Each structure stands twice: as structure tokens, then as C-alpha cells.
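A.B. asks: This is coords_19.pdb (PDB, C-alpha atoms).
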ATOM      1  CA  MET A   1      -9.667  11.650   7.166
ATOM      2  CA  ILE A   2      -7.929   8.510   5.936
ATOM      3  CA  LEU A   3      -7.459   5.634   8.367
ATOM      4  CA  THR A   4      -5.033   2.775   7.768
ATOM      5  CA  LEU A   5      -4.701  -0.576   9.500
ATOM      6  CA  THR A   6      -1.279  -2.253   9.432
ATOM      7  CA  PRO A   7      -1.484  -5.568  11.328
ATOM      8  CA  ASN A   8       2.195  -6.381  10.712
ATOM      9  CA  PRO A   9       4.230  -3.144  10.967
ATOM     10  CA  SER A  10       8.008  -3.056  10.927
ATOM     11  CA  LEU A  11      11.145  -1.051  11.391
ATOM     12  CA  ASP A  12      12.385  -0.715   7.812
ATOM     13  CA  ARG A  13      16.116  -0.440   7.330
ATOM     14  CA  THR A  14      17.497   0.567   3.940
ATOM     15  CA  ILE A  15      21.148  -0.069   3.033
ATOM     16  CA  ASP A  16      22.607   1.636  -0.040
ATOM     17  CA  LEU A  17      25.443  -0.033  -1.965
ATOM     18  CA  ALA A  18      27.933   1.650  -4.300
ATOM     19  CA  ALA A  19      28.103  -1.443  -6.544
ATOM     20  CA  PRO A  20      25.778  -4.304  -7.522
ATOM     21  CA  LEU A  21      24.952  -6.781  -4.769
ATOM     22  CA  GLN A  22      27.373  -9.728  -4.732
ATOM     23  CA  ARG A  23      26.077 -12.861  -3.016
ATOM     24  CA  GLY A  24      28.530 -14.402  -0.585
ATOM     25  CA  GLU A  25      30.831 -11.361  -0.598
ATOM     26  CA  VAL A  26      31.576  -8.603   1.927
ATOM     27  CA  GLN A  27      30.420  -5.174   0.742
ATOM     28  CA  ARG A  28      30.489  -1.766   2.389
ATOM     29  CA  ALA A  29      27.391   0.387   2.460
ATOM     30  CA  THR A  30      27.505   4.009   1.362
ATOM     31  CA  ALA A  31      24.521   4.951   3.522
ATOM     32  CA  SER A  32      21.815   3.456   5.680
ATOM     33  CA  SER A  33      18.575   4.648   7.229
ATOM     34  CA  ALA A  34      15.742   3.304   9.356
ATOM     35  CA  HIS A  35      12.094   4.346   9.430
ATOM     36  CA  PRO A  36       8.859   2.950  10.817
ATOM     37  CA  GLY A  37       7.216   0.962   8.048
ATOM     38  CA  GLY A  38       4.492  -1.282   6.829
ATOM     39  CA  LYS A  39       2.185  -0.320   3.981
ATOM     40  CA  GLY A  40      -0.370   1.495   6.101
ATOM     41  CA  VAL A  41       2.314   3.392   7.983
ATOM     42  CA  ASN A  42       3.947   4.425   4.695
ATOM     43  CA  ILE A  43       0.607   5.672   3.393
ATOM     44  CA  VAL A  44       0.053   7.830   6.477
ATOM     45  CA  ARG A  45       3.605   9.174   6.194
ATOM     46  CA  ALA A  46       2.967  10.200   2.586
ATOM     47  CA  LEU A  47      -0.460  11.688   3.292
ATOM     48  CA  SER A  48       0.791  13.601   6.331
ATOM     49  CA  ALA A  49       3.652  15.022   4.257
ATOM     50  CA  SER A  50       0.972  16.511   1.987
ATOM     51  CA  GLY A  51      -1.113  17.946   4.807
ATOM     52  CA  ILE A  52      -3.852  15.298   4.582
ATOM     53  CA  GLU A  53      -5.431  14.178   7.864
ATOM     54  CA  ALA A  54      -4.574  10.517   8.363
ATOM     55  CA  LEU A  55      -4.130   8.029  11.192
ATOM     56  CA  ALA A  56      -2.242   4.724  11.279
ATOM     57  CA  LEU A  57      -3.602   1.920  13.456
ATOM     58  CA  LEU A  58      -1.183  -0.843  14.375
ATOM     59  CA  PRO A  59      -0.221  -3.308  17.102
ATOM     60  CA  GLY A  60       2.828  -2.385  19.150
ATOM     61  CA  ASP A  61       3.984  -1.457  22.642
ATOM     62  CA  ALA A  62       4.816   2.137  23.505
ATOM     63  CA  SER A  63       8.464   1.141  24.063
ATOM     64  CA  ASP A  64       8.800  -0.728  20.753
ATOM     65  CA  ALA A  65      11.344   0.684  18.286
ATOM     66  CA  VAL A  66       8.643   1.055  15.607
ATOM     67  CA  VAL A  67       6.306   3.028  17.866
ATOM     68  CA  LEU A  68       9.148   5.168  19.201
ATOM     69  CA  ALA A  69      10.145   5.961  15.617
ATOM     70  CA  LEU A  70       6.556   6.929  14.810
ATOM     71  CA  ASP A  71       6.644   9.296  17.795
ATOM     72  CA  LEU A  72       9.972  10.739  16.695
ATOM     73  CA  GLU A  73       8.807  11.351  13.130
ATOM     74  CA  ARG A  74       5.468  12.714  14.348
ATOM     75  CA  ILE A  75       3.468  10.304  12.208
ATOM     76  CA  PRO A  76      -0.132  10.230  13.453
ATOM     77  CA  HIS A  77      -0.756   6.778  14.907
ATOM     78  CA  LEU A  78      -2.545   4.737  17.514
ATOM     79  CA  ALA A  79      -0.720   1.618  18.696
ATOM     80  CA  MET A  80      -2.376  -1.260  20.553
ATOM     81  CA  PRO A  81      -0.006  -2.915  23.069
ATOM     82  CA  ILE A  82       0.682  -6.611  22.458
ATOM     83  CA  GLY A  83       3.572  -7.407  24.813
ATOM     84  CA  ALA A  84       5.871  -8.604  22.014
ATOM     85  CA  PRO A  85       8.450  -6.931  19.746
ATOM     86  CA  LEU A  86       7.512  -5.952  16.201
ATOM     87  CA  ARG A  87       9.559  -7.105  13.216
ATOM     88  CA  SER A  88      12.436  -5.512  11.298
ATOM     89  CA  ASN A  89      12.795  -5.516   7.512
ATOM     90  CA  VAL A  90      15.915  -4.836   5.464
ATOM     91  CA  ALA A  91      16.054  -3.412   1.936
ATOM     92  CA  ILE A  92      19.328  -3.359  -0.010
ATOM     93  CA  THR A  93      19.438  -0.903  -2.900
ATOM     94  CA  GLU A  94      21.935  -0.984  -5.756
ATOM     95  CA  PRO A  95      23.107   2.031  -7.809
ATOM     96  CA  ASP A  96      20.646   1.286 -10.649
ATOM     97  CA  GLY A  97      17.699   1.256  -8.229
ATOM     98  CA  THR A  98      17.428  -2.532  -7.956
ATOM     99  CA  THR A  99      16.102  -3.333  -4.495
ATOM    100  CA  THR A 100      16.388  -6.616  -2.574
ATOM    101  CA  LYS A 101      14.138  -6.960   0.480
ATOM    102  CA  VAL A 102      14.307  -9.381   3.412
ATOM    103  CA  ASN A 103      11.172  -9.243   5.575
ATOM    104  CA  GLU A 104      10.815 -10.882   8.972
ATOM    105  CA  PRO A 105       7.540 -12.720   9.746
ATOM    106  CA  GLY A 106       6.406 -10.583  12.679
ATOM    107  CA  PRO A 107       4.959 -11.406  16.130
ATOM    108  CA  VAL A 108       2.171 -13.895  16.805
ATOM    109  CA  LEU A 109      -1.078 -12.205  17.881
ATOM    110  CA  THR A 110      -3.586 -13.971  20.096
ATOM    111  CA  GLN A 111      -7.257 -14.237  19.149
ATOM    112  CA  THR A 112      -8.058 -11.757  21.917
ATOM    113  CA  GLN A 113      -5.566  -9.263  20.486
ATOM    114  CA  LEU A 114      -7.006  -9.723  16.993
ATOM    115  CA  ASN A 115     -10.495  -9.075  18.327
ATOM    116  CA  GLU A 116      -9.269  -5.926  20.056
ATOM    117  CA  LEU A 117      -7.528  -4.732  16.890
ATOM    118  CA  LEU A 118     -10.696  -5.311  14.870
ATOM    119  CA  ALA A 119     -12.816  -3.478  17.452
ATOM    120  CA  LEU A 120     -10.381  -0.549  17.475
ATOM    121  CA  THR A 121     -10.551  -0.342  13.678
ATOM    122  CA  VAL A 122     -14.354  -0.338  13.709
ATOM    123  CA  GLU A 123     -14.397   2.401  16.353
ATOM    124  CA  LYS A 124     -11.885   4.696  14.651
ATOM    125  CA  SER A 125     -13.304   4.221  11.142
ATOM    126  CA  ASP A 126     -16.471   6.099  12.098
ATOM    127  CA  GLY A 127     -16.431   9.281  10.016
ATOM    128  CA  ALA A 128     -13.364   8.389   7.932
ATOM    129  CA  GLY A 129     -13.378   8.967   4.188
ATOM    130  CA  TRP A 130     -11.243   5.894   3.485
ATOM    131  CA  LEU A 131     -10.084   2.876   5.463
ATOM    132  CA  VAL A 132      -6.997   1.180   4.013
ATOM    133  CA  LEU A 133      -6.212  -2.406   5.044
ATOM    134  CA  ALA A 134      -2.564  -2.761   4.218
ATOM    135  CA  GLY A 135       0.275  -5.237   4.143
ATOM    136  CA  SER A 136       0.865  -8.806   5.221
ATOM    137  CA  LEU A 137      -0.710 -10.503   8.214
ATOM    138  CA  PRO A 138       1.349 -11.702  11.196
ATOM    139  CA  PRO A 139       1.944 -15.454  11.571
ATOM    140  CA  GLY A 140      -1.134 -17.437  12.540
ATOM    141  CA  VAL A 141      -3.676 -14.717  11.690
ATOM    142  CA  PRO A 142      -6.566 -16.167   9.631
ATOM    143  CA  SER A 143      -6.201 -15.282   5.969
ATOM    144  CA  ASP A 144      -9.744 -13.867   5.890
ATOM    145  CA  PHE A 145      -8.959 -11.244   8.554
ATOM    146  CA  TYR A 146      -9.281  -8.343   6.108
ATOM    147  CA  ALA A 147     -12.623  -9.683   4.892
ATOM    148  CA  LEU A 148     -13.796  -9.855   8.511
ATOM    149  CA  VAL A 149     -12.701  -6.249   9.103
ATOM    150  CA  ILE A 150     -14.565  -5.024   5.999
ATOM    151  CA  GLU A 151     -17.722  -6.848   7.039
ATOM    152  CA  ALA A 152     -17.514  -5.574  10.634
ATOM    153  CA  VAL A 153     -16.945  -1.942   9.618
ATOM    154  CA  ARG A 154     -19.866  -1.972   7.174
ATOM    155  CA  ALA A 155     -22.136  -3.720   9.667
ATOM    156  CA  ALA A 156     -21.313  -1.144  12.346
ATOM    157  CA  HIS A 157     -21.608   2.013  10.254
ATOM    158  CA  GLY A 158     -23.958   1.128   7.411
ATOM    159  CA  SER A 159     -24.230   3.935   4.851
ATOM    160  CA  ARG A 160     -21.742   5.998   6.906
ATOM    161  CA  ALA A 161     -19.003   3.395   6.499
ATOM    162  CA  PRO A 162     -15.824   4.651   4.809
ATOM    163  CA  ARG A 163     -14.760   3.463   1.421
ATOM    164  CA  ILE A 164     -12.377   0.559   1.959
ATOM    165  CA  ALA A 165      -9.158  -0.148   0.057
ATOM    166  CA  VAL A 166      -6.989  -3.251   0.353
ATOM    167  CA  ASP A 167      -3.285  -3.410  -0.493
ATOM    168  CA  SER A 168      -2.001  -6.859   0.346
ATOM    169  CA  SER A 169      -0.933 -10.079  -1.352
ATOM    170  CA  GLY A 170      -1.409 -13.836  -1.313
ATOM    171  CA  ALA A 171      -4.279 -15.404   0.588
ATOM    172  CA  PRO A 172      -5.337 -12.243   2.501
ATOM    173  CA  LEU A 173      -5.829 -10.435  -0.809
ATOM    174  CA  LYS A 174      -7.788 -13.311  -2.326
ATOM    175  CA  GLU A 175      -9.951 -13.793   0.748
ATOM    176  CA  CYS A 176     -10.944 -10.119   0.881
ATOM    177  CA  LEU A 177     -12.740 -10.451  -2.463
ATOM    178  CA  ARG A 178     -15.739 -12.015  -0.749
ATOM    179  CA  ALA A 179     -16.332  -8.686   1.033
ATOM    180  CA  ALA A 180     -16.169  -6.649  -2.212
ATOM    181  CA  PRO A 181     -13.759  -3.845  -1.214
ATOM    182  CA  ASP A 182     -14.161  -0.464  -2.883
ATOM    183  CA  LEU A 183     -10.581  -0.504  -4.158
ATOM    184  CA  LEU A 184      -7.784  -3.025  -4.674
ATOM    185  CA  LYS A 185      -4.178  -1.928  -5.250
ATOM    186  CA  PRO A 186      -2.292  -4.944  -6.680
ATOM    187  CA  ASN A 187       0.976  -4.913  -8.589
ATOM    188  CA  GLY A 188       1.333  -7.014 -11.733
ATOM    189  CA  GLU A 189       2.306 -10.172  -9.860
ATOM    190  CA  GLU A 190      -0.573  -9.855  -7.410
ATOM    191  CA  LEU A 191      -3.055  -9.111 -10.195
ATOM    192  CA  ALA A 192      -1.950 -12.239 -12.069
ATOM    193  CA  GLU A 193      -2.246 -14.320  -8.908
ATOM    194  CA  LEU A 194      -5.709 -12.940  -8.140
ATOM    195  CA  THR A 195      -7.169 -13.496 -11.574
ATOM    196  CA  GLY A 196      -5.172 -16.444 -12.938
ATOM    197  CA  LEU A 197      -4.760 -14.486 -16.151
ATOM    198  CA  SER A 198      -1.246 -14.366 -17.592
ATOM    199  CA  THR A 199       1.854 -13.769 -15.439
ATOM    200  CA  GLY A 200       3.054 -10.797 -13.451
ATOM    201  CA  PRO A 201       5.772  -9.773 -15.944
ATOM    202  CA  GLU A 202       3.345 -10.129 -18.842
ATOM    203  CA  LEU A 203       0.731  -7.942 -17.169
ATOM    204  CA  GLU A 204       3.349  -5.323 -16.260
ATOM    205  CA  ALA A 205       4.460  -5.210 -19.886
ATOM    206  CA  ASP A 206       0.920  -5.007 -21.304
ATOM    207  CA  PRO A 207      -1.391  -2.393 -19.733
ATOM    208  CA  ALA A 208      -4.321  -3.567 -21.876
ATOM    209  CA  ALA A 209      -3.963  -7.083 -20.467
ATOM    210  CA  ALA A 210      -3.757  -5.638 -16.947
ATOM    211  CA  ALA A 211      -6.985  -3.733 -17.601
ATOM    212  CA  ALA A 212      -8.709  -6.869 -18.902
ATOM    213  CA  ALA A 213      -7.643  -8.773 -15.792
ATOM    214  CA  SER A 214      -8.883  -5.929 -13.578
ATOM    215  CA  VAL A 215     -12.294  -5.977 -15.263
ATOM    216  CA  THR A 216     -12.803  -9.559 -14.059
ATOM    217  CA  LEU A 217     -12.417  -8.314 -10.474
ATOM    218  CA  LEU A 218     -15.031  -5.595 -11.018
ATOM    219  CA  LYS A 219     -17.425  -8.242 -12.299
ATOM    220  CA  ASN A 220     -16.925 -10.053  -8.989
ATOM    221  CA  GLY A 221     -17.949  -7.016  -6.942
ATOM    222  CA  VAL A 222     -14.740  -4.996  -6.456
ATOM    223  CA  GLY A 223     -15.404  -1.277  -6.851
ATOM    224  CA  ALA A 224     -12.158  -0.298  -8.599
ATOM    225  CA  VAL A 225      -8.647  -1.615  -9.256
ATOM    226  CA  LEU A 226      -5.473   0.459  -9.261
ATOM    227  CA  ALA A 227      -2.805  -1.855 -10.705
ATOM    228  CA  THR A 228       0.738  -0.511 -10.385
ATOM    229  CA  LEU A 229       3.029  -1.720 -13.171
ATOM    230  CA  GLY A 230       6.500  -0.501 -12.192
ATOM    231  CA  SER A 231       8.162   1.548 -14.912
ATOM    232  CA  LYS A 232       5.050   1.079 -17.074
ATOM    233  CA  GLY A 233       3.040   3.311 -14.741
ATOM    234  CA  ALA A 234      -0.378   2.142 -13.568
ATOM    235  CA  VAL A 235      -3.779   1.054 -14.828
ATOM    236  CA  LEU A 236      -6.989   2.255 -13.181
ATOM    237  CA  THR A 237     -10.169   0.286 -13.849
ATOM    238  CA  THR A 238     -13.514   1.572 -12.567
ATOM    239  CA  SER A 239     -17.137   1.669 -13.686
ATOM    240  CA  HIS A 240     -16.074   4.750 -15.705
ATOM    241  CA  GLY A 241     -13.665   2.711 -17.833
ATOM    242  CA  SER A 242     -10.048   1.580 -17.867
ATOM    243  CA  PHE A 243      -7.159   4.030 -18.103
ATOM    244  CA  HIS A 244      -3.388   3.714 -18.382
ATOM    245  CA  GLY A 245      -1.183   6.389 -16.837
ATOM    246  CA  ARG A 246       2.520   6.700 -17.501
ATOM    247  CA  GLY A 247       4.904   9.471 -16.572
ATOM    248  CA  PRO A 248       8.236  10.463 -18.097
ATOM    249  CA  ALA A 249      11.236   8.210 -17.494
ATOM    250  CA  ILE A 250      12.984   8.725 -14.163
ATOM    251  CA  LYS A 251      16.190   7.538 -12.585
ATOM    252  CA  ALA A 252      15.004   5.278  -9.782
ATOM    253  CA  LYS A 253      16.969   5.493  -6.533
ATOM    254  CA  SER A 254      14.793   3.132  -4.493
ATOM    255  CA  THR A 255      11.490   1.428  -5.258
ATOM    256  CA  VAL A 256      10.737   0.841  -1.569
ATOM    257  CA  GLY A 257       7.326   2.321  -0.807
ATOM    258  CA  ALA A 258       6.638   3.463  -4.375
ATOM    259  CA  GLY A 259       3.410   1.457  -4.532
ATOM    260  CA  ASP A 260       2.326   2.812  -1.148
ATOM    261  CA  SER A 261       2.957   6.347  -2.361
ATOM    262  CA  ALA A 262       0.988   5.656  -5.550
ATOM    263  CA  LEU A 263      -1.994   4.590  -3.468
ATOM    264  CA  SER A 264      -1.551   7.676  -1.283
ATOM    265  CA  GLY A 265      -1.670   9.902  -4.348
ATOM    266  CA  TYR A 266      -4.817   8.195  -5.581
ATOM    267  CA  LEU A 267      -6.564   8.518  -2.222
ATOM    268  CA  LEU A 268      -5.810  12.189  -1.749
ATOM    269  CA  ALA A 269      -7.007  12.885  -5.301
ATOM    270  CA  THR A 270     -10.317  11.156  -4.552
ATOM    271  CA  LEU A 271     -10.746  13.394  -1.508
ATOM    272  CA  ARG A 272     -10.345  16.405  -3.829
ATOM    273  CA  GLY A 273     -13.127  15.000  -6.001
ATOM    274  CA  ASP A 274     -10.850  14.511  -9.013
ATOM    275  CA  SER A 275     -11.947  12.588 -12.088
ATOM    276  CA  PRO A 276     -10.704   8.991 -12.452
ATOM    277  CA  GLU A 277      -8.116  10.165 -14.994
ATOM    278  CA  ALA A 278      -6.811  12.868 -12.636
ATOM    279  CA  CYS A 279      -6.745  10.408  -9.717
ATOM    280  CA  LEU A 280      -4.617   8.089 -11.856
ATOM    281  CA  GLN A 281      -2.277  10.931 -12.794
ATOM    282  CA  GLN A 282      -1.731  11.772  -9.131
ATOM    283  CA  ALA A 283      -1.155   8.113  -8.279
ATOM    284  CA  VAL A 284       1.501   7.679 -10.979
ATOM    285  CA  ALA A 285       3.125  10.994 -10.071
ATOM    286  CA  HIS A 286       3.325  10.028  -6.409
ATOM    287  CA  GLY A 287       4.790   6.613  -7.207
ATOM    288  CA  ALA A 288       7.400   8.073  -9.556
ATOM    289  CA  ALA A 289       8.384  10.737  -7.045
ATOM    290  CA  ALA A 290       8.855   8.096  -4.364
ATOM    291  CA  ALA A 291      11.037   5.952  -6.644
ATOM    292  CA  SER A 292      13.251   8.953  -7.371
ATOM    293  CA  LEU A 293      13.942   9.489  -3.653
ATOM    294  CA  PRO A 294      16.517   7.500  -1.676
ATOM    295  CA  GLY A 295      15.676   4.829   0.883
ATOM    296  CA  THR A 296      12.167   4.845   2.301
ATOM    297  CA  MET A 297      11.577   8.566   1.838
ATOM    298  CA  VAL A 298       8.073   9.537   0.681
ATOM    299  CA  PRO A 299       7.185  12.582  -1.425
ATOM    300  CA  SER A 300       4.932  15.456  -0.529
ATOM    301  CA  LEU A 301       2.268  16.675  -2.937
ATOM    302  CA  ALA A 302       4.544  19.577  -3.879
ATOM    303  CA  GLN A 303       7.211  17.109  -5.073
ATOM    304  CA  THR A 304       4.884  15.457  -7.585
ATOM    305  CA  THR A 305       4.141  16.459 -11.173
ATOM    306  CA  PRO A 306       0.815  14.889 -12.196
ATOM    307  CA  GLY A 307       0.624  17.144 -15.252
ATOM    308  CA  THR A 308       3.485  15.189 -16.842
ATOM    309  CA  VAL A 309       1.579  11.884 -16.621
ATOM    310  CA  ALA A 310      -0.028  10.877 -19.907
ATOM    311  CA  VAL A 311      -3.356   9.039 -19.618
ATOM    312  CA  THR A 312      -4.673   6.712 -22.323
ATOM    313  CA  VAL A 313      -8.208   5.316 -22.391
ATOM    314  CA  LEU A 314      -7.962   1.545 -22.665
ATOM    315  CA  ALA A 315     -11.672   0.749 -22.482
ATOM    316  CA  PRO A 316     -14.731   3.024 -22.254
ATOM    317  CA  ALA A 317     -17.242   2.698 -19.449
ATOM    318  CA  GLU A 318     -19.700   0.547 -21.392
ATOM    319  CA  GLU A 319     -17.051  -2.184 -21.760
ATOM    320  CA  ASN A 320     -16.609  -2.500 -18.000
TER     321      ASN A 320
END
So that I can check it, write out the structure of this file as C-alpha cells.
C.D. replies:
Amino acid sequence: MILTLTPNPSLDRTIDLAAPLQRGEVQRATASSAHPGGKGVNIVRALSASGIEALALLPGDASDAVVLALDLERIPHLAMPIGAPLRSNVAITEPDGTTTKVNEPGPVLTQTQLNELLALTVEKSDGAGWLVLAGSLPPGVPSDFYALVIEAVRAAHGSRAPRIAVDSSGAPLKECLRAAPDLLKPNGEELAELTGLSTGPELEADPAAAAAASVTLLKNGVGAVLATLGSKGAVLTTSHGSFHGRGPAIKAKSTVGAGDSALSGYLLATLRGDSPEACLQQAVAHGAAAASLPGTMVPSLAQTTPGTVAVTVLAPAEEN
């Protein structure tokens, strides 16, 4: 079972335009949709679509629009009441797949609520194969919250603790390094920010440079790094070496949730016991399938084609 924690979930609205976005102008949408969102929620949606047992933990009242949407879509979840509305996010997609996102900050959680959320995560992580700490933190939450969760889960369960992945950005991502997560899932920008090596666009354009940056994180205790590089695919760096995976060109309809789907593909492949190369193929295939779908739709395993993803060895194990 894969457990996710999303401290700052949202109702994600996607608006499709028939022409490029024009600032300051009035434009008519061709379509719109709304789904419960947040990285951890998206991961559970994708895993559930593939028949993988998963559960999303999140704050939210039973009457909140996000929680009601989770109920409606039958996404496995457990929501902790907080007595405040969750946020809404808006993504605007253009015909060429360009996506502009506007994300609200989210509700303020009290220290008591944070303690309860941490305790709930520790309780439910018992017996899980993976725990994924995902997304931004609500306003006022200490930036080391994910590090505290990792430390609490490992202290409670010892050798039975699940493997722990983190998919976040900014200070929460940096702070989690002290707890040495088993997996980080940065994009190029986040990888550059974490390591101070090069820039996001440069790392996305150069998989070898992304691998070199990822190796520095392994040397600081991180178990593995899955760096998603947009149209350049992804780079996986583990103790077994560094690998670049890239699929055939696709026509992107929406990049919303593509990174979340890539992580979902990687996680389900690890549960199958796949090799690092095969895990990377499934990650890239999942991400590409998500980008080819409209709005915030996520692909099922049957909609992915990992066999079309070419994997190149960037560095053998002895170099990592």
C-alpha cells in the first residue's frame, strides 16, 4: 500500500483556451473541469486508476468541496477536520499545451492540528510500502515539517517503516534533506535550487548535468533522485547508477499533474520489483501519458507505453 500526505490540498480547476493567453483581454474558454488536487491526491488518483492500493491523508472538513469531490470520484482518502475551507487553484491551458497556474496559499493550521496530522500519518504509515510527502505547506507551517514527519515515522516503526519519498519545493524540500528521505522527486528548477548547481533550464536541457547534480544529493544521504525534465524525460540516480529515460515526442494537452503521474509510475514499478531502468521507463511513460490527456486527468497503467521509453546509462554504479 502507498500512503500519501498532502498538507495543503486544493480544488484544482482547469480552463482550456482556444487561443494563446492574452493578458488584460477577455477570452472565452472552450472547456473547464474541476478535480480534487494536491500532489499526494493526484498520486493516489493515478495509483487507484491502475488498481494499486493507496490512501491519501489530508486536512479538510467532510463538507469541504475538496473532500466532497474525493468522495464523488471514489478516491481513497482520510481527511482530518480543521474547521476552515481548503484552497482552490486555477490552471489555464493553451492549445500548444502551455499551462499557467495560479495557486492560493491555503488555510492556516494550528500547532495542535499539525500535531494531529503528524500523529495520523505515523499511525497510518504502519505497514505501508511507501509514504509520499507531497506538495507545498500551508501558511505558517514550519518549513521542516516534512523532516519532522520522516523522523517521527522512522522512530515509531523502526525497520518496519515505509520507504519515504518527498515531492515538494523551496524550503520544505531543502529542510527534508536532514532526514535523508529514500527518494526525492524534483524537477529541473527544484534540483538546481537544492544543489546550487547550474539553473533549472540548463539542467532540463542536459540530463548528464542533472545526474551530476543528483549525485551530490546521494552523497548527502538521499537514497535516490528521480528528476523530471519536461520534454527531455527524466533522470534516475540511485546507488545502481544514473540513467536517462526519454519517450517518443507527444503532443502535450496539459502538463498539470504530469510530474505527479511520473512519480506514481515509478512507485508502482518499485512495488513490482522492477529494475531501476524499468522503474524509470514506467515513470517517463506515466508522465508522458498524463501530459497527453486534457486538464487534470491521470492515466491508468493500461494507457502507458513504457516499452517505447529509451534508457541511457549516464554513469555506472561505481561512479555514484
A.B. asks: Within 7 Å of stretch 88-104 of chain A, counting all atoms listed in the file, which residues show up once you throw out same-chain ones fewer than 4 positions away? Write them as a PyMOL selection string, please.
C.D. replies: chain A and resi 10-21+252-255
A.B. asks: Skipping near chain neighbours, those fewer than 6 positions away, what residues fall within 9 Å of A:Ile43 using all atoms listed in the file, listed as a ChimeraX atom specification?
C.D. replies: /A:4,54,56,132,257,260-264,298
A.B. asks: Which of these, A:His240, A:Arg160, A:Arg178, A:His35, has the shortest distance to A:Trp130 once you count only C-alpha atoms?
C.D. replies: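 Of the candidates, the smallest distance to A:Trp130 is held by A:Arg160.
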A.B. asks: Please provide the set of residues having any atom within 10 Å of A:Leu55, restricted to only C-alpha atoms, with same-chain residues fewer than 3 positions apart removed, written as a list in words.
C.D. replies: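 Within the cut-off, the hits are Met1, Ile2, Leu3, Thr4, Leu5, Gly40, Val41, Ile43, Val44, Arg45, Leu47, Ser48, Ile52, Leu58, Ile75, Pro76, His77, Leu78, Lys124, Ser125, Ala128 and Leu131 of chain A.
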A.B. asks: Now that the selection is made, can you save its residues with C-alpha atoms as a compact mmCIF listing (two decimals), keeping the file's coordinate frame?
C.D. replies:
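Below is the file that was written, out20.txt:
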# COMPACT_ATOMS: atom_id res chain seq x y z
CA MET A 1 -9.67 11.65 7.17
CA ILE A 2 -7.93 8.51 5.94
CA LEU A 3 -7.46 5.63 8.37
CA THR A 4 -5.03 2.78 7.77
CA LEU A 5 -4.70 -0.58 9.50
CA GLY A 40 -0.37 1.50 6.10
CA VAL A 41 2.31 3.39 7.98
CA ILE A 43 0.61 5.67 3.39
CA VAL A 44 0.05 7.83 6.48
CA ARG A 45 3.60 9.17 6.19
CA LEU A 47 -0.46 11.69 3.29
CA SER A 48 0.79 13.60 6.33
CA ILE A 52 -3.85 15.30 4.58
CA LEU A 58 -1.18 -0.84 14.38
CA ILE A 75 3.47 10.30 12.21
CA PRO A 76 -0.13 10.23 13.45
CA HIS A 77 -0.76 6.78 14.91
CA LEU A 78 -2.54 4.74 17.51
CA LYS A 124 -11.88 4.70 14.65
CA SER A 125 -13.30 4.22 11.14
CA ALA A 128 -13.36 8.39 7.93
CA LEU A 131 -10.08 2.88 5.46
A.B. asks: Which residues are near A:Glu277? Cut-off 9 Å, all atoms listed in the file, ignore same chain within fewer than 2 positions. Put them as a ChimeraX atom specification.
C.D. replies: /A:236,243-245,274-275,279-282,311-313
A.B. asks: Can you list, as a PyMOL selection string, every protein, DNA or RNA residue that comes within 12 Å of stretch 188-202 of chain A when you count all atoms listed in the file, leaving out same-chain residues fewer than 5 positions away?
C.D. replies: chain A and resi 167-177+207-220+225-235+259
A.B. asks: Report the residues retrieved by the PyMOL selection byres ((chain A and resi 304) around 10) from the displayed file, expressed as a tab-separated table (two decimals) with C-alpha atoms, in the frame of the given file.
C.D. replies:
chain	number	residue	atom	x	y	z
A	265	GLY	CA	-1.67	9.90	-4.35
A	281	GLN	CA	-2.28	10.93	-12.79
A	282	GLN	CA	-1.73	11.77	-9.13
A	283	ALA	CA	-1.16	8.11	-8.28
A	284	VAL	CA	1.50	7.68	-10.98
A	285	ALA	CA	3.12	10.99	-10.07
A	286	HIS	CA	3.32	10.03	-6.41
A	287	GLY	CA	4.79	6.61	-7.21
A	288	ALA	CA	7.40	8.07	-9.56
A	289	ALA	CA	8.38	10.74	-7.04
A	290	ALA	CA	8.86	8.10	-4.36
A	299	PRO	CA	7.18	12.58	-1.42
A	300	SER	CA	4.93	15.46	-0.53
A	301	LEU	CA	2.27	16.68	-2.94
A	302	ALA	CA	4.54	19.58	-3.88
A	303	GLN	CA	7.21	17.11	-5.07
A	305	THR	CA	4.14	16.46	-11.17
A	306	PRO	CA	0.82	14.89	-12.20
A	307	GLY	CA	0.62	17.14	-15.25
A	308	THR	CA	3.48	15.19	-16.84
A.B. asks: Take atom CA of A:Pro85 and atom CA of A:Ala46 and report the distance between them in Å, one decimal.
C.D. replies: 24.9 Å
A.B. asks: Could you give me the centre and size, in Å to one decimal, of an axis-aligned box around all listed atoms of stretch 73-80 of chain A with 3 Å added on every side, as JSON?
C.D. replies:
{"center_x": 3.1, "center_y": 5.7, "center_z": 16.4, "size_x": 17.4, "size_y": 20.0, "size_z": 14.3}
A.B. asks: Please, what distance in Å, to one decimal, runs between atom CA of A:Pro181 and atom CA of A:Thr110?
C.D. replies: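 Pair atom CA of A:Pro181 / atom CA of A:Thr110 returns 25.7 Å.
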A.B. asks: For each of A:Asn42, A:Ser292, A:Ser33, A:Ser242, take the minimum atom-to-atom distance to A:Ala134, counting all atoms listed in the file, then give the residue where this is smallest.
C.D. replies: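 Answer, going by the shortest atom-to-atom distance: A:Asn42.
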A.B. asks: Could you tell me how far atom CA of A:Val166 lies from atom CA of A:Ser63, in Å and to one decimal?
C.D. replies: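 Distance between the two atoms: 28.6 Å.
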A.B. asks: For A:Pro81, which of A:Ala205, A:Ala69, A:Ala29, A:Ala62 is the closest residue, counting only C-alpha atoms?
C.D. replies: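 Checking each candidate against A:Pro81, we get A:Ala62 as the closest.
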